[in-house]
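Take a look at the structure below.
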Amino acid sequence: MAVAGPTGPVMGREEVDRALERLGTEHEAIESSLLALQDHSGRRLLEGAELTGVTKERWAETDAAITLLWAHFEAYTEALDSARELRAKRRWPTQTELLRLTELLRGEGVTVTGAATPDAARSLTGPAKLTEKFSLEQLLARMNGWYDQAMETVAAADSVWSALPARIDLLAAETRRVQSLADSVGVRPGTHPAGDELAGLIDDLGVLRARTVSDPLAFWRAAPPPGRPDTERYEQAGRQLEQIRREVEAVLHVRDDAEHRLLRLRDVLSRADRTLTEARSARVEVLSKILASDVPAVSGPAAALHEQLASAEAFWRGSQWHRLSPLLDGLEERADEELLRARDSLTAVTAPLAVRAELRGRLDAYRAKVARLGMAEDPLLIERYDQARRLLWSAPCDLAAAERTVQRYQQAVAEVTVPRTSGPQDSRGPV
């Protein structure tokens, strides 16, 4: 039976050798990990940066954890070296030496002094102890916990620094290009909403970049693992810039197309004015030639539209494209409506003349028919034709009476010609 020590059965020579080999391998792995942590770009940046907010608090804890890591690694190294020296004294160690080796390799034979050695249940700001004893396994477990904490903080900060500031710089450069384009078309703060938004966006990007540099962990989302930089504010700024760009490009399009649109506007309003002038002249003619009381009045030119056109031309001459853009959009629509109104007015005013012309044409057509049938000398037809003609060619013409006489003439023609012709008849008689 093996001799028992304070930590259990005393290890044999072969057990000691296997334990030393395993611990030596672990020691090399720990050393490589600590050196990698020491050389990590994120750690160097955190160490030299002026930190704020969450990152400042986390880095204070992480820096303390790294210090403890090295202190515990030194204790781990000293204990392993002591065990190696003791084992190297002789090929066949004595029972006393095996007992000591068992205490170093398996028992709580490692003493750490002069620093806090918090366990998993306490934070790095927990109460300090002058000395604590550990086994190498316990020491390794503590170092693994602190190493994971340190690497999580360092890697997260490095990931944010790698992802966000450069992208924000590119977005800021694009924002400045849009601002230059906006300035060229007069979209500036205080004169256009897009100019105010653009200036605010430039300020926001500056603040955002400064914060990503000083407090990168505020932009880290740990869940779901393995975590990722939070790019929501950056993406929101990108969407805002795209919206501003579209507004600026719309104003730019107005600048490039303004002269053509203004020429068209002048032409449309000019045609509307000429049509209204023609309608007023036609109304005078109608009132003098047609006995009617329902001829609609004709309004004058749209003075408000002409004033707005003058303003648009002034904006064009002054390169105030941001003001010209919304004015043109509404003015074009109202100008087209004005031209339609003028045409409708002309149609309504000249309707009595159109009716008189239709009646005259109908009367002449029936007279020609009578002549073809050889009945031009019929007294009744001559009488009714003369009545209709006097009414249609008199001024002012009584359209209602004239239409009745034309219908009477049609009826007379129909009565005289029915025995001699056959065929379909319309409501106004055969033609």
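Chain labels A, B, ... are given in the sequence in which chains occur in the structure tokens; within each chain residues are numbered consecutively from 1, and ligands are likewise numbered from 1 in the order shown.
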**Study point:** Shell of 10 Å around region 192-203 of chain A, only C-alpha atoms, local chain residues under 4 positions omitted, as a VMD selection string
**Key:** chain A and resid 171 to 173 175 to 176 178 to 179 182 to 183 186 to 188 207 to 208 237 to 238 240 to 241 243 to 248 322 to 323
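Residues lying within 10 Å of Tyr234 (chain A), counting only C-alpha atoms and ignoring same-chain neighbours fewer than 2 positions away, are Leu164, Pro165, Arg167, Ile168, Leu171, Asp204, Leu205, Leu208, Arg209, Asp230, Thr231, Glu232, Gln236, Ala237, Gly238, Arg239 and Gln240 of chain A.
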Review point. Quick one: residues within 8 Å of region 276-289 of chain A, only C-alpha atoms counted, chain neighbours fewer than 6 positions away excluded, as a list in words?
Key: Val295, Ala297, Val298, Ser299, Gly300, Pro301, Ala342, Arg343, Ser345, Leu346, Val349, Thr350, Pro352, Leu353, Ser394, Ala395, Pro396 and Cys397 of chain A
Just to be explicit: take each residue in the selection above, keep N, CA and C atoms, and write the result as a PDB file, in the first residue's frame.
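selection-v6.pdb was written with the following content:
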```
ATOM      1  N   VAL A 295     -74.283  83.288 -72.435  1.00  0.00           N
ATOM      2  CA  VAL A 295     -72.876  83.173 -72.852  1.00  0.00           C
ATOM      3  C   VAL A 295     -71.989  83.407 -71.629  1.00  0.00           C
ATOM      4  N   ALA A 297     -69.012  84.301 -68.981  1.00  0.00           N
ATOM      5  CA  ALA A 297     -67.975  85.335 -68.930  1.00  0.00           C
ATOM      6  C   ALA A 297     -66.600  84.682 -69.053  1.00  0.00           C
ATOM      7  N   VAL A 298     -65.627  85.484 -69.499  1.00  0.00           N
ATOM      8  CA  VAL A 298     -64.254  84.989 -69.678  1.00  0.00           C
ATOM      9  C   VAL A 298     -63.341  85.753 -68.740  1.00  0.00           C
ATOM     10  N   SER A 299     -62.593  84.998 -67.928  1.00  0.00           N
ATOM     11  CA  SER A 299     -61.694  85.643 -66.971  1.00  0.00           C
ATOM     12  C   SER A 299     -60.437  86.144 -67.671  1.00  0.00           C
ATOM     13  N   GLY A 300     -59.696  86.984 -66.942  1.00  0.00           N
ATOM     14  CA  GLY A 300     -58.448  87.501 -67.482  1.00  0.00           C
ATOM     15  C   GLY A 300     -57.292  86.533 -67.257  1.00  0.00           C
ATOM     16  N   PRO A 301     -56.085  86.907 -67.660  1.00  0.00           N
ATOM     17  CA  PRO A 301     -54.923  86.045 -67.469  1.00  0.00           C
ATOM     18  C   PRO A 301     -54.695  85.747 -65.981  1.00  0.00           C
ATOM     19  N   ALA A 342     -58.574  77.627 -70.146  1.00  0.00           N
ATOM     20  CA  ALA A 342     -58.738  78.605 -71.221  1.00  0.00           C
ATOM     21  C   ALA A 342     -59.396  77.969 -72.436  1.00  0.00           C
ATOM     22  N   ARG A 343     -58.985  76.759 -72.770  1.00  0.00           N
ATOM     23  CA  ARG A 343     -59.580  76.069 -73.916  1.00  0.00           C
ATOM     24  C   ARG A 343     -61.058  75.758 -73.665  1.00  0.00           C
ATOM     25  N   SER A 345     -63.023  77.432 -71.768  1.00  0.00           N
ATOM     26  CA  SER A 345     -63.737  78.704 -71.814  1.00  0.00           C
ATOM     27  C   SER A 345     -64.026  79.114 -73.259  1.00  0.00           C
ATOM     28  N   LEU A 346     -63.024  78.933 -74.147  1.00  0.00           N
ATOM     29  CA  LEU A 346     -63.225  79.265 -75.559  1.00  0.00           C
ATOM     30  C   LEU A 346     -64.308  78.382 -76.167  1.00  0.00           C
ATOM     31  N   VAL A 349     -67.744  79.562 -74.935  1.00  0.00           N
ATOM     32  CA  VAL A 349     -68.162  80.852 -75.488  1.00  0.00           C
ATOM     33  C   VAL A 349     -68.604  80.710 -76.940  1.00  0.00           C
ATOM     34  N   THR A 350     -67.888  79.918 -77.721  1.00  0.00           N
ATOM     35  CA  THR A 350     -68.169  79.820 -79.162  1.00  0.00           C
ATOM     36  C   THR A 350     -69.232  78.776 -79.492  1.00  0.00           C
ATOM     37  N   PRO A 352     -72.565  78.843 -79.294  1.00  0.00           N
ATOM     38  CA  PRO A 352     -73.691  79.356 -80.111  1.00  0.00           C
ATOM     39  C   PRO A 352     -73.319  79.545 -81.578  1.00  0.00           C
ATOM     40  N   LEU A 353     -72.087  79.996 -81.852  1.00  0.00           N
ATOM     41  CA  LEU A 353     -71.659  80.156 -83.239  1.00  0.00           C
ATOM     42  C   LEU A 353     -71.593  78.806 -83.942  1.00  0.00           C
ATOM     43  N   SER A 394     -79.397  86.918 -89.931  1.00  0.00           N
ATOM     44  CA  SER A 394     -79.652  88.219 -89.308  1.00  0.00           C
ATOM     45  C   SER A 394     -78.817  88.345 -88.043  1.00  0.00           C
ATOM     46  N   ALA A 395     -78.636  89.550 -87.582  1.00  0.00           N
ATOM     47  CA  ALA A 395     -77.871  89.789 -86.359  1.00  0.00           C
ATOM     48  C   ALA A 395     -78.660  90.741 -85.461  1.00  0.00           C
ATOM     49  N   PRO A 396     -78.873  90.444 -84.197  1.00  0.00           N
ATOM     50  CA  PRO A 396     -78.468  89.144 -83.615  1.00  0.00           C
ATOM     51  C   PRO A 396     -79.421  88.034 -83.999  1.00  0.00           C
ATOM     52  N   CYS A 397     -78.883  86.846 -84.103  1.00  0.00           N
ATOM     53  CA  CYS A 397     -79.656  85.698 -84.555  1.00  0.00           C
ATOM     54  C   CYS A 397     -80.349  85.039 -83.366  1.00  0.00           C
TER      55      CYS A 397
END
```
Exercise for review: Write out as a VMD selection string the residues lying within 8 Å of Leu80 (chain A), counting only C-alpha atoms and excluding same-chain residues fewer than 2 positions away.
Suggested key: chain A and resid 20 23 to 24 76 to 78 82 to 84 104 to 105
Exercise for review: Could you pull out the residues in region 13-210 of chain A that DSSP calls strand (DSSP E or B) from the backbone, as JSON, numbers by chain?
Suggested key: {"A": [110, 111, 112, 113, 131, 132, 133, 134]}
C-alpha atoms of the current selection, written as a tab-separated table (two decimals), in the first residue's frame:
```tsv
chain	number	residue	atom	x	y	z
A	110	VAL	CA	2.01	27.10	-4.39
A	111	THR	CA	1.91	30.32	-2.38
A	112	VAL	CA	0.84	33.60	-3.98
A	113	THR	CA	1.54	36.74	-1.98
A	131	THR	CA	-1.12	35.13	0.92
A	132	GLU	CA	-3.09	32.28	-0.55
A	133	LYS	CA	-2.14	28.70	-1.24
A	134	PHE	CA	-3.13	26.84	-4.39
```
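If you count only C-alpha atoms and ignore residues fewer than 5 places along the chain from region 31-34 of chain A, what sits within 9 Å of it is Glu26, Asp39, Ile66, Leu69, Trp70, Phe73 and Tyr147 of chain A.
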Could you dump the residues just selected with N, CA, C and O atoms as an mmCIF file, in the first residue's frame?
```cif
data_model
loop_
_atom_site.group_PDB
_atom_site.id
_atom_site.type_symbol
_atom_site.label_atom_id
_atom_site.label_comp_id
_atom_site.auth_asym_id
_atom_site.auth_seq_id
_atom_site.Cartn_x
_atom_site.Cartn_y
_atom_site.Cartn_z
ATOM 1 N N GLU A 26 1.663 22.123 -20.396
ATOM 2 C CA GLU A 26 0.696 23.172 -20.070
ATOM 3 C C GLU A 26 1.387 24.502 -19.840
ATOM 4 O O GLU A 26 0.887 25.563 -20.231
ATOM 5 N N ASP A 39 1.150 40.721 -26.897
ATOM 6 C CA ASP A 39 1.420 41.325 -28.205
ATOM 7 C C ASP A 39 0.148 41.646 -28.987
ATOM 8 O O ASP A 39 0.236 42.161 -30.109
ATOM 9 N N ILE A 66 -4.732 40.916 -16.147
ATOM 10 C CA ILE A 66 -3.486 40.578 -16.848
ATOM 11 C C ILE A 66 -2.311 40.618 -15.881
ATOM 12 O O ILE A 66 -1.421 39.750 -15.911
ATOM 13 N N LEU A 69 -2.491 37.584 -13.916
ATOM 14 C CA LEU A 69 -2.100 36.449 -14.731
ATOM 15 C C LEU A 69 -0.589 36.235 -14.700
ATOM 16 O O LEU A 69 -0.107 35.111 -14.493
ATOM 17 N N TRP A 70 0.149 37.291 -14.894
ATOM 18 C CA TRP A 70 1.615 37.167 -14.903
ATOM 19 C C TRP A 70 2.140 36.808 -13.514
ATOM 20 O O TRP A 70 3.084 35.998 -13.382
ATOM 21 N N PHE A 73 1.380 33.236 -13.069
ATOM 22 C CA PHE A 73 2.215 32.430 -13.947
ATOM 23 C C PHE A 73 3.624 32.301 -13.375
ATOM 24 O O PHE A 73 4.253 31.235 -13.481
ATOM 25 N N TYR A 147 -7.662 34.781 -18.187
ATOM 26 C CA TYR A 147 -7.235 34.891 -19.581
ATOM 27 C C TYR A 147 -8.452 35.038 -20.499
ATOM 28 O O TYR A 147 -8.451 35.865 -21.418
#
```
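Within region 355-386 of chain A, residues classed as alpha helix (DSSP H) by DSSP on backbone coordinates are A:Val355, A:Arg356, A:Ala357, A:Glu358, A:Leu359, A:Arg360, A:Gly361, A:Arg362, A:Leu363, A:Asp364, A:Ala365, A:Tyr366, A:Arg367, A:Ala368, A:Lys369, A:Val370, A:Ala371, A:Arg372, A:Pro379, A:Leu380, A:Leu381, A:Ile382, A:Glu383, A:Arg384, A:Tyr385, A:Asp386.
In this structure, CA of Gly374 (chain A) sits 20.3 Å away from CA of Gly361 (chain A).
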**Study point:** Nearest to Thr275 (chain A) by atom-to-atom distance, counting only C-alpha atoms, from A:Asp344, A:Glu242, A:Glu28, A:Asp215
**Key:** A:Asp344
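The coordinates place CA of Ile30 (chain A) at 26.3 Å from CA of Gly12 (chain A).
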**Study point:** Residues near region 48-65 of chain A, cut-off 9 Å, only C-alpha atoms, skip fewer than 4 positions along chain, as a list in words
**Key:** Arg43, Arg44, Leu69, Trp70, Ser123, Leu124, Thr125, Met143, Trp146, Tyr147, Gln149, Ala150, Met151, Thr153, Val154, Ala157, Arg211, Val213, Ser214, Asp215, Pro216, Leu217 and Ala218 of chain A
Write out the residues from the selection above, keeping N, CA, C and O atoms, as an mmCIF file, in the first residue's frame.
```
data_model
loop_
_atom_site.group_PDB
_atom_site.id
_atom_site.type_symbol
_atom_site.label_atom_id
_atom_site.label_comp_id
_atom_site.auth_asym_id
_atom_site.auth_seq_id
_atom_site.Cartn_x
_atom_site.Cartn_y
_atom_site.Cartn_z
ATOM 1 N N ARG A 43 -4.804 44.884 -27.143
ATOM 2 C CA ARG A 43 -4.285 45.217 -25.810
ATOM 3 C C ARG A 43 -3.399 46.461 -25.887
ATOM 4 O O ARG A 43 -3.468 47.342 -25.031
ATOM 5 N N ARG A 44 -2.537 46.509 -26.924
ATOM 6 C CA ARG A 44 -1.658 47.677 -27.043
ATOM 7 C C ARG A 44 -2.466 48.951 -27.263
ATOM 8 O O ARG A 44 -2.136 50.007 -26.706
ATOM 9 N N LEU A 69 -2.491 37.584 -13.916
ATOM 10 C CA LEU A 69 -2.100 36.449 -14.731
ATOM 11 C C LEU A 69 -0.589 36.235 -14.700
ATOM 12 O O LEU A 69 -0.107 35.111 -14.493
ATOM 13 N N TRP A 70 0.149 37.291 -14.894
ATOM 14 C CA TRP A 70 1.615 37.167 -14.903
ATOM 15 C C TRP A 70 2.140 36.808 -13.514
ATOM 16 O O TRP A 70 3.084 35.998 -13.382
ATOM 17 N N SER A 123 -15.205 39.595 -7.803
ATOM 18 C CA SER A 123 -14.661 40.398 -8.884
ATOM 19 C C SER A 123 -13.219 40.740 -8.574
ATOM 20 O O SER A 123 -12.709 40.465 -7.489
ATOM 21 N N LEU A 124 -12.579 41.364 -9.547
ATOM 22 C CA LEU A 124 -11.184 41.757 -9.340
ATOM 23 C C LEU A 124 -11.048 42.823 -8.261
ATOM 24 O O LEU A 124 -9.952 43.073 -7.772
ATOM 25 N N THR A 125 -12.136 43.444 -7.889
ATOM 26 C CA THR A 125 -12.090 44.452 -6.824
ATOM 27 C C THR A 125 -12.449 43.848 -5.472
ATOM 28 O O THR A 125 -12.692 44.568 -4.514
ATOM 29 N N MET A 143 -6.087 31.098 -13.774
ATOM 30 C CA MET A 143 -5.459 31.789 -14.903
ATOM 31 C C MET A 143 -6.309 31.660 -16.165
ATOM 32 O O MET A 143 -6.428 32.606 -16.945
ATOM 33 N N TRP A 146 -9.149 34.257 -15.925
ATOM 34 C CA TRP A 146 -8.702 35.630 -16.180
ATOM 35 C C TRP A 146 -8.273 35.827 -17.630
ATOM 36 O O TRP A 146 -8.482 36.887 -18.207
ATOM 37 N N TYR A 147 -7.662 34.781 -18.187
ATOM 38 C CA TYR A 147 -7.235 34.891 -19.581
ATOM 39 C C TYR A 147 -8.452 35.038 -20.499
ATOM 40 O O TYR A 147 -8.451 35.865 -21.418
ATOM 41 N N GLN A 149 -11.326 36.270 -19.714
ATOM 42 C CA GLN A 149 -11.871 37.623 -19.490
ATOM 43 C C GLN A 149 -11.060 38.656 -20.257
ATOM 44 O O GLN A 149 -11.620 39.531 -20.929
ATOM 45 N N ALA A 150 -9.727 38.536 -20.155
ATOM 46 C CA ALA A 150 -8.865 39.512 -20.820
ATOM 47 C C ALA A 150 -8.999 39.426 -22.335
ATOM 48 O O ALA A 150 -9.120 40.444 -23.025
ATOM 49 N N MET A 151 -8.992 38.198 -22.869
ATOM 50 C CA MET A 151 -9.075 38.047 -24.320
ATOM 51 C C MET A 151 -10.425 38.519 -24.844
ATOM 52 O O MET A 151 -10.499 39.092 -25.942
ATOM 53 N N THR A 153 -12.269 40.963 -23.658
ATOM 54 C CA THR A 153 -12.243 42.427 -23.692
ATOM 55 C C THR A 153 -11.346 42.943 -24.804
ATOM 56 O O THR A 153 -11.730 43.820 -25.588
ATOM 57 N N VAL A 154 -10.140 42.376 -24.895
ATOM 58 C CA VAL A 154 -9.154 42.842 -25.875
ATOM 59 C C VAL A 154 -9.646 42.568 -27.296
ATOM 60 O O VAL A 154 -9.571 43.434 -28.175
ATOM 61 N N ALA A 157 -12.677 44.899 -28.271
ATOM 62 C CA ALA A 157 -12.243 46.263 -28.577
ATOM 63 C C ALA A 157 -11.527 46.312 -29.921
ATOM 64 O O ALA A 157 -11.773 47.208 -30.741
ATOM 65 N N ARG A 211 -16.367 58.416 -30.308
ATOM 66 C CA ARG A 211 -16.813 57.485 -29.273
ATOM 67 C C ARG A 211 -16.368 56.057 -29.573
ATOM 68 O O ARG A 211 -16.040 55.304 -28.654
ATOM 69 N N VAL A 213 -13.665 55.245 -30.876
ATOM 70 C CA VAL A 213 -12.242 55.180 -30.523
ATOM 71 C C VAL A 213 -12.052 55.153 -29.012
ATOM 72 O O VAL A 213 -11.234 54.387 -28.489
ATOM 73 N N SER A 214 -12.806 55.966 -28.283
ATOM 74 C CA SER A 214 -12.598 56.059 -26.837
ATOM 75 C C SER A 214 -13.390 55.021 -26.046
ATOM 76 O O SER A 214 -13.010 54.661 -24.938
ATOM 77 N N ASP A 215 -14.490 54.533 -26.620
ATOM 78 C CA ASP A 215 -15.329 53.576 -25.893
ATOM 79 C C ASP A 215 -15.809 52.475 -26.838
ATOM 80 O O ASP A 215 -17.006 52.323 -27.089
ATOM 81 N N PRO A 216 -14.880 51.690 -27.391
ATOM 82 C CA PRO A 216 -15.280 50.688 -28.394
ATOM 83 C C PRO A 216 -16.239 49.639 -27.852
ATOM 84 O O PRO A 216 -17.091 49.131 -28.589
ATOM 85 N N LEU A 217 -16.125 49.299 -26.565
ATOM 86 C CA LEU A 217 -16.974 48.232 -26.030
ATOM 87 C C LEU A 217 -18.448 48.656 -25.945
ATOM 88 O O LEU A 217 -19.323 47.805 -25.795
ATOM 89 N N ALA A 218 -18.712 49.964 -26.039
ATOM 90 C CA ALA A 218 -20.104 50.410 -26.104
ATOM 91 C C ALA A 218 -20.745 50.002 -27.421
ATOM 92 O O ALA A 218 -21.968 50.036 -27.555
#
```
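The closest residue to Glu333 (chain A), picked from A:Leu265, A:Ala272, A:Ile290, A:Leu45 and counting only C-alpha atoms, is A:Leu265.
Taking CA of Leu399 (chain A) and CA of Asp294 (chain A) as endpoints, the distance between them is 12.3 Å.
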Near Leu252 (chain A), counting only C-alpha atoms, which residues have an atom at most 8 Å away, once you skip same-chain residues fewer than 4 positions from it, shown as a CSV table (one decimal) with N, CA and C atoms, in the first residue's frame?
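The new file result34.csv reads:
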```csv
chain,number,residue,atom,x,y,z
A,185,VAL,N,-25.4,73.7,-55.5
A,185,VAL,CA,-26.7,74.0,-56.0
A,185,VAL,C,-27.5,74.7,-54.9
A,248,VAL,N,-30.5,66.1,-52.9
A,248,VAL,CA,-29.6,67.0,-53.6
A,248,VAL,C,-29.5,66.7,-55.1
A,256,ASP,N,-30.1,71.3,-64.1
A,256,ASP,CA,-29.7,70.9,-65.4
A,256,ASP,C,-30.9,71.0,-66.4
A,321,TRP,N,-31.2,77.1,-57.0
A,321,TRP,CA,-31.9,75.9,-57.5
A,321,TRP,C,-32.7,75.2,-56.4
```
Practice item. Check the smallest atom-to-atom distance from each of A:Glu313, A:Glu152, A:Glu249, A:Glu74 to Pro225 (chain A) using only C-alpha atoms, then report the winner. Key: A:Glu152
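Minimum atom-to-atom distance to Glu103 (chain A), evaluated using only C-alpha atoms, belongs to A:Val10 out of A:Val10, A:Arg317, A:Arg177, A:His253.
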Check your understanding: Of the candidates A:Glu358, A:Glu235, A:Asp386, A:Glu332, which shows the shortest atom-to-atom distance to His260 (chain A), using only C-alpha atoms?
Key -> A:Glu332
